[in-house]
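Asks: Quick one: the structure is below, questions incoming.
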Number of protein chains: 2
Amino acid sequence: MEEGDFDRLEDLWLDDGAGDVSCVHPGWPVLTGRAEVLRSYALIMAHTDYIQFFLTDTRISLAGDTALVTCTENILSGGPAEDGAELGPLVGQLVVATNAFRRTPEGWRIWSHHASPVIAGPDDDAPPAATADDAGPSA
Amino acid sequence: MEEGDFDRLEDLWLDDGAGDVSCVHPGWPVLTGRAEVLRSYALIMAHTDYIQFFLTDTRISLAGDTALVTCTENILSGGPAEDGAELGPLVGQLVVATNAFRRTPEGWRIWSHHASPVIAGPDDDAPPAATADDAGPSA
């Protein structure tokens with residue numbers, strides 16, 4: 001992603017035959033299927049001239065041929081330059097991600113990626129909004 | 001969740017012995033482990049007098065003993081009443097969730113829940129922010 005290498009990014013994602021992939025970028029709705037997911041990355045890359053990830057808090061939970069990886073992404077990025085400048089203004093962003101990986105004969109591949117902005121600090125003792133969240137579709 | 005039944009919610013989550021659970025509420029950092037996750041739900045329930053979920057776009061991707069479920073959560077909720085009113089003001093919220101479930105002898109249990117606010121509409125053709133997102137920890 002940092003090198004803008006779309007082909008390598010494409011290789012990381014699970015083939016559709018092995019299960020539907022899904023992806024949520026920060027603030028986005030759910031994208032489903034390889035074509036839709038890869039199109040979104042092409043779009044993001046087209047709008048991003050510079051991007052750097054500082055990953056922290058990486059945790060892995062492994063079960064059989066599936067792994068869940070959570071991490072914090074401290075992202076520094078910049079869009080296209082304006083008015084002849086060399087680079088657009090840099091923006092910092094604090095994001096958390098949950099990634100599901102599947103083990104394949106070719107190695108681990110991304111089955112699902114869900115990233116979202118962190119609005120509340122980890123030490124806040126109350127939800128960031130008056131509203132709340134459920135425990136999944138069976139709630 | 002709608003009935004505020006903490007015990008039933010607790011039963012839905014995977015036991016720690018079978019793998020570390022993780023949970024991201026909208027705008028929150030990652031919570032890891034059963035104790036931390038369940039504490040967050042107790043906190044949310046304490047701040048929520050009313051909550052209702054309208055789930056749409058539910059999609060399931062199944063692989064062996066793991067299932068990924070994505071959905072859109074249209075949430076209507078209200079906090080505690082103020083000044084003698086019967087109910088606090090109701091707030092609508094548009095959230096998307098990715099849930100990982102594990103099959104156990106007792107049935108399917110939640111391994112991971114990641115929910116986040118939708119800021120851009122699904123028909124927008126540009127990212128909601130100048131910044132972007134990566135493809136996981138291997139980026």
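By order in the structure tokens, chains are A, B, ...; within a chain, residues start at 1; ligands start at 1, following the order shown.
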Can you superpose chain B onto chain A by least squares over all C-alpha atoms paired in order and give the moved copy as a PDB file with C-alpha atoms, in the first residue's frame?
Replies:
```pdb
ATOM      1  CA  MET B   1      -0.019   0.003  -0.003  1.00  0.00           C
ATOM      2  CA  GLU B   2       2.849   2.376   0.906  1.00  0.00           C
ATOM      3  CA  GLU B   3       4.515   1.612  -2.428  1.00  0.00           C
ATOM      4  CA  GLY B   4       1.275   1.929  -4.376  1.00  0.00           C
ATOM      5  CA  ASP B   5       1.806  -1.598  -5.732  1.00  0.00           C
ATOM      6  CA  PHE B   6      -1.662  -2.670  -6.767  1.00  0.00           C
ATOM      7  CA  ASP B   7      -0.558  -6.061  -8.124  1.00  0.00           C
ATOM      8  CA  ARG B   8       0.970  -7.131  -4.812  1.00  0.00           C
ATOM      9  CA  LEU B   9      -2.100  -5.909  -2.973  1.00  0.00           C
ATOM     10  CA  GLU B  10      -4.297  -7.938  -5.310  1.00  0.00           C
ATOM     11  CA  ASP B  11      -2.257 -11.066  -4.540  1.00  0.00           C
ATOM     12  CA  LEU B  12      -2.904 -10.671  -0.806  1.00  0.00           C
ATOM     13  CA  TRP B  13      -6.671 -11.043  -1.166  1.00  0.00           C
ATOM     14  CA  LEU B  14      -8.357 -14.428  -1.124  1.00  0.00           C
ATOM     15  CA  ASP B  15      -9.723 -15.737  -4.417  1.00  0.00           C
ATOM     16  CA  ASP B  16     -13.482 -15.505  -4.715  1.00  0.00           C
ATOM     17  CA  GLY B  17     -13.757 -19.257  -5.243  1.00  0.00           C
ATOM     18  CA  ALA B  18     -12.520 -19.788  -1.677  1.00  0.00           C
ATOM     19  CA  GLY B  19     -15.166 -17.532  -0.137  1.00  0.00           C
ATOM     20  CA  ASP B  20     -16.550 -14.051  -0.509  1.00  0.00           C
ATOM     21  CA  VAL B  21     -14.152 -11.414   0.705  1.00  0.00           C
ATOM     22  CA  SER B  22     -15.366  -8.252   2.383  1.00  0.00           C
ATOM     23  CA  CYS B  23     -13.796  -4.927   3.219  1.00  0.00           C
ATOM     24  CA  VAL B  24     -14.736  -1.844   5.220  1.00  0.00           C
ATOM     25  CA  HIS B  25     -12.557   1.246   4.881  1.00  0.00           C
ATOM     26  CA  PRO B  26     -12.843   3.860   7.661  1.00  0.00           C
ATOM     27  CA  GLY B  27     -16.272   5.493   7.410  1.00  0.00           C
ATOM     28  CA  TRP B  28     -17.300   3.378   4.431  1.00  0.00           C
ATOM     29  CA  PRO B  29     -20.120   0.871   3.970  1.00  0.00           C
ATOM     30  CA  VAL B  30     -19.307  -2.833   3.498  1.00  0.00           C
ATOM     31  CA  LEU B  31     -17.757  -3.818   0.158  1.00  0.00           C
ATOM     32  CA  THR B  32     -18.250  -7.447  -0.881  1.00  0.00           C
ATOM     33  CA  GLY B  33     -16.480  -9.626  -3.441  1.00  0.00           C
ATOM     34  CA  ARG B  34     -13.013  -9.359  -4.936  1.00  0.00           C
ATOM     35  CA  ALA B  35     -13.964  -7.040  -7.796  1.00  0.00           C
ATOM     36  CA  GLU B  36     -15.639  -4.442  -5.592  1.00  0.00           C
ATOM     37  CA  VAL B  37     -12.912  -4.577  -2.938  1.00  0.00           C
ATOM     38  CA  LEU B  38     -10.043  -4.241  -5.407  1.00  0.00           C
ATOM     39  CA  ARG B  39     -11.804  -1.401  -7.218  1.00  0.00           C
ATOM     40  CA  SER B  40     -11.930   0.510  -3.913  1.00  0.00           C
ATOM     41  CA  TYR B  41      -8.186   0.128  -3.439  1.00  0.00           C
ATOM     42  CA  ALA B  42      -7.523   1.346  -6.961  1.00  0.00           C
ATOM     43  CA  LEU B  43      -9.681   4.383  -6.178  1.00  0.00           C
ATOM     44  CA  ILE B  44      -7.917   5.067  -2.881  1.00  0.00           C
ATOM     45  CA  MET B  45      -4.514   4.742  -4.531  1.00  0.00           C
ATOM     46  CA  ALA B  46      -5.578   7.186  -7.247  1.00  0.00           C
ATOM     47  CA  HIS B  47      -6.430   9.758  -4.560  1.00  0.00           C
ATOM     48  CA  THR B  48      -3.354   9.157  -2.422  1.00  0.00           C
ATOM     49  CA  ASP B  49       0.082  10.484  -3.308  1.00  0.00           C
ATOM     50  CA  TYR B  50       1.715   9.525  -0.048  1.00  0.00           C
ATOM     51  CA  ILE B  51       0.775   7.087   2.691  1.00  0.00           C
ATOM     52  CA  GLN B  52       2.648   5.560   5.614  1.00  0.00           C
ATOM     53  CA  PHE B  53       1.431   3.115   8.274  1.00  0.00           C
ATOM     54  CA  PHE B  54       2.771   2.809  11.796  1.00  0.00           C
ATOM     55  CA  LEU B  55       1.224  -0.380  13.155  1.00  0.00           C
ATOM     56  CA  THR B  56       0.950  -1.001  16.902  1.00  0.00           C
ATOM     57  CA  ASP B  57      -0.954  -3.342  19.251  1.00  0.00           C
ATOM     58  CA  THR B  58      -0.867  -6.199  16.745  1.00  0.00           C
ATOM     59  CA  ARG B  59      -2.605  -9.294  18.145  1.00  0.00           C
ATOM     60  CA  ILE B  60      -3.157 -12.639  16.458  1.00  0.00           C
ATOM     61  CA  SER B  61      -5.813 -15.214  17.317  1.00  0.00           C
ATOM     62  CA  LEU B  62      -5.357 -18.469  15.426  1.00  0.00           C
ATOM     63  CA  ALA B  63      -7.879 -21.288  14.923  1.00  0.00           C
ATOM     64  CA  GLY B  64      -7.202 -23.972  12.342  1.00  0.00           C
ATOM     65  CA  ASP B  65      -6.893 -22.372   8.922  1.00  0.00           C
ATOM     66  CA  THR B  66      -8.272 -19.011  10.017  1.00  0.00           C
ATOM     67  CA  ALA B  67      -6.461 -16.202  11.804  1.00  0.00           C
ATOM     68  CA  LEU B  68      -7.815 -12.957  13.185  1.00  0.00           C
ATOM     69  CA  VAL B  69      -5.384 -10.067  13.386  1.00  0.00           C
ATOM     70  CA  THR B  70      -6.271  -6.832  15.137  1.00  0.00           C
ATOM     71  CA  CYS B  71      -4.046  -3.787  15.138  1.00  0.00           C
ATOM     72  CA  THR B  72      -3.921  -0.029  15.486  1.00  0.00           C
ATOM     73  CA  GLU B  73      -2.979   1.857  12.344  1.00  0.00           C
ATOM     74  CA  ASN B  74      -1.400   5.251  12.833  1.00  0.00           C
ATOM     75  CA  ILE B  75      -1.712   6.577   9.287  1.00  0.00           C
ATOM     76  CA  LEU B  76       0.031   9.550   7.775  1.00  0.00           C
ATOM     77  CA  SER B  77      -1.127  10.393   4.270  1.00  0.00           C
ATOM     78  CA  GLY B  78      -1.398  13.108   1.703  1.00  0.00           C
ATOM     79  CA  GLY B  79      -3.516  13.665  -1.374  1.00  0.00           C
ATOM     80  CA  PRO B  80      -2.426  15.024  -4.725  1.00  0.00           C
ATOM     81  CA  ALA B  81      -0.561  18.316  -4.687  1.00  0.00           C
ATOM     82  CA  GLU B  82      -2.374  21.536  -5.494  1.00  0.00           C
ATOM     83  CA  ASP B  83      -1.132  24.761  -7.052  1.00  0.00           C
ATOM     84  CA  GLY B  84       2.216  23.356  -8.084  1.00  0.00           C
ATOM     85  CA  ALA B  85       3.220  22.134  -4.617  1.00  0.00           C
ATOM     86  CA  GLU B  86       5.262  18.940  -4.408  1.00  0.00           C
ATOM     87  CA  LEU B  87       2.806  17.172  -2.106  1.00  0.00           C
ATOM     88  CA  GLY B  88      -0.673  17.833  -0.724  1.00  0.00           C
ATOM     89  CA  PRO B  89      -1.118  18.542   2.997  1.00  0.00           C
ATOM     90  CA  LEU B  90      -0.322  15.569   5.242  1.00  0.00           C
ATOM     91  CA  VAL B  91      -3.127  14.218   7.417  1.00  0.00           C
ATOM     92  CA  GLY B  92      -2.746  11.983  10.476  1.00  0.00           C
ATOM     93  CA  GLN B  93      -5.417   9.411  11.216  1.00  0.00           C
ATOM     94  CA  LEU B  94      -5.947   6.924  14.051  1.00  0.00           C
ATOM     95  CA  VAL B  95      -7.612   3.751  12.849  1.00  0.00           C
ATOM     96  CA  VAL B  96      -8.207   0.271  14.274  1.00  0.00           C
ATOM     97  CA  ALA B  97      -8.491  -2.797  12.057  1.00  0.00           C
ATOM     98  CA  THR B  98      -9.756  -6.342  12.359  1.00  0.00           C
ATOM     99  CA  ASN B  99      -8.442  -8.656   9.652  1.00  0.00           C
ATOM    100  CA  ALA B 100      -9.454 -12.243   8.949  1.00  0.00           C
ATOM    101  CA  PHE B 101      -6.934 -14.379   7.073  1.00  0.00           C
ATOM    102  CA  ARG B 102      -7.368 -17.821   5.516  1.00  0.00           C
ATOM    103  CA  ARG B 103      -4.566 -20.315   5.061  1.00  0.00           C
ATOM    104  CA  THR B 104      -4.333 -21.454   1.424  1.00  0.00           C
ATOM    105  CA  PRO B 105      -1.834 -23.615  -0.477  1.00  0.00           C
ATOM    106  CA  GLU B 106      -0.285 -20.315  -1.638  1.00  0.00           C
ATOM    107  CA  GLY B 107      -0.037 -18.895   1.896  1.00  0.00           C
ATOM    108  CA  TRP B 108      -2.227 -16.695   4.074  1.00  0.00           C
ATOM    109  CA  ARG B 109      -4.737 -14.553   2.222  1.00  0.00           C
ATOM    110  CA  ILE B 110      -7.068 -11.757   3.373  1.00  0.00           C
ATOM    111  CA  TRP B 111     -10.667 -12.903   3.807  1.00  0.00           C
ATOM    112  CA  SER B 112     -11.936  -9.742   5.478  1.00  0.00           C
ATOM    113  CA  HIS B 113     -10.601  -6.332   6.434  1.00  0.00           C
ATOM    114  CA  HIS B 114     -12.578  -3.921   8.605  1.00  0.00           C
ATOM    115  CA  ALA B 115     -11.013  -0.605   9.574  1.00  0.00           C
ATOM    116  CA  SER B 116     -12.597   2.278  11.478  1.00  0.00           C
ATOM    117  CA  PRO B 117     -11.656   5.634  12.961  1.00  0.00           C
ATOM    118  CA  VAL B 118     -10.978   5.834  16.699  1.00  0.00           C
ATOM    119  CA  ILE B 119     -13.043   8.673  18.138  1.00  0.00           C
ATOM    120  CA  ALA B 120     -12.783   7.932  21.881  1.00  0.00           C
ATOM    121  CA  GLY B 121      -9.547   7.384  23.756  1.00  0.00           C
ATOM    122  CA  PRO B 122      -8.871   3.944  25.286  1.00  0.00           C
ATOM    123  CA  ASP B 123      -9.089   5.388  28.827  1.00  0.00           C
ATOM    124  CA  ASP B 124     -12.499   6.991  28.418  1.00  0.00           C
ATOM    125  CA  ASP B 125     -14.982   5.284  30.682  1.00  0.00           C
ATOM    126  CA  ALA B 126     -18.053   6.050  28.622  1.00  0.00           C
ATOM    127  CA  PRO B 127     -19.092   5.280  25.051  1.00  0.00           C
ATOM    128  CA  PRO B 128     -18.184   7.994  22.537  1.00  0.00           C
ATOM    129  CA  ALA B 129     -21.847   8.460  21.656  1.00  0.00           C
ATOM    130  CA  ALA B 130     -25.170   8.113  23.415  1.00  0.00           C
ATOM    131  CA  THR B 131     -25.893   5.194  21.123  1.00  0.00           C
ATOM    132  CA  ALA B 132     -24.465   1.728  21.413  1.00  0.00           C
ATOM    133  CA  ASP B 133     -23.661  -1.326  19.421  1.00  0.00           C
ATOM    134  CA  ASP B 134     -24.938  -4.874  19.321  1.00  0.00           C
ATOM    135  CA  ALA B 135     -23.306  -8.245  19.602  1.00  0.00           C
ATOM    136  CA  GLY B 136     -23.917  -9.315  16.027  1.00  0.00           C
ATOM    137  CA  PRO B 137     -26.765 -10.360  13.796  1.00  0.00           C
ATOM    138  CA  SER B 138     -28.259 -12.678  16.389  1.00  0.00           C
ATOM    139  CA  ALA B 139     -28.991  -9.801  18.769  1.00  0.00           C
TER     140      ALA B 139
END
```
Asks: When DSSP works through the backbone of this structure, what residues of chain B end up as strand (DSSP E or B), shown as JSON, numbers by chain?
Replies: {"B": [13, 22, 23, 24, 31, 32, 50, 51, 52, 53, 54, 55, 56, 57, 58, 59, 60, 61, 62, 63, 66, 67, 68, 69, 70, 71, 72, 73, 74, 75, 76, 77, 78, 90, 91, 92, 93, 94, 95, 96, 97, 98, 99, 100, 101, 102, 103, 104, 107, 108, 109, 110, 111, 112, 113, 114, 115, 116, 117]}
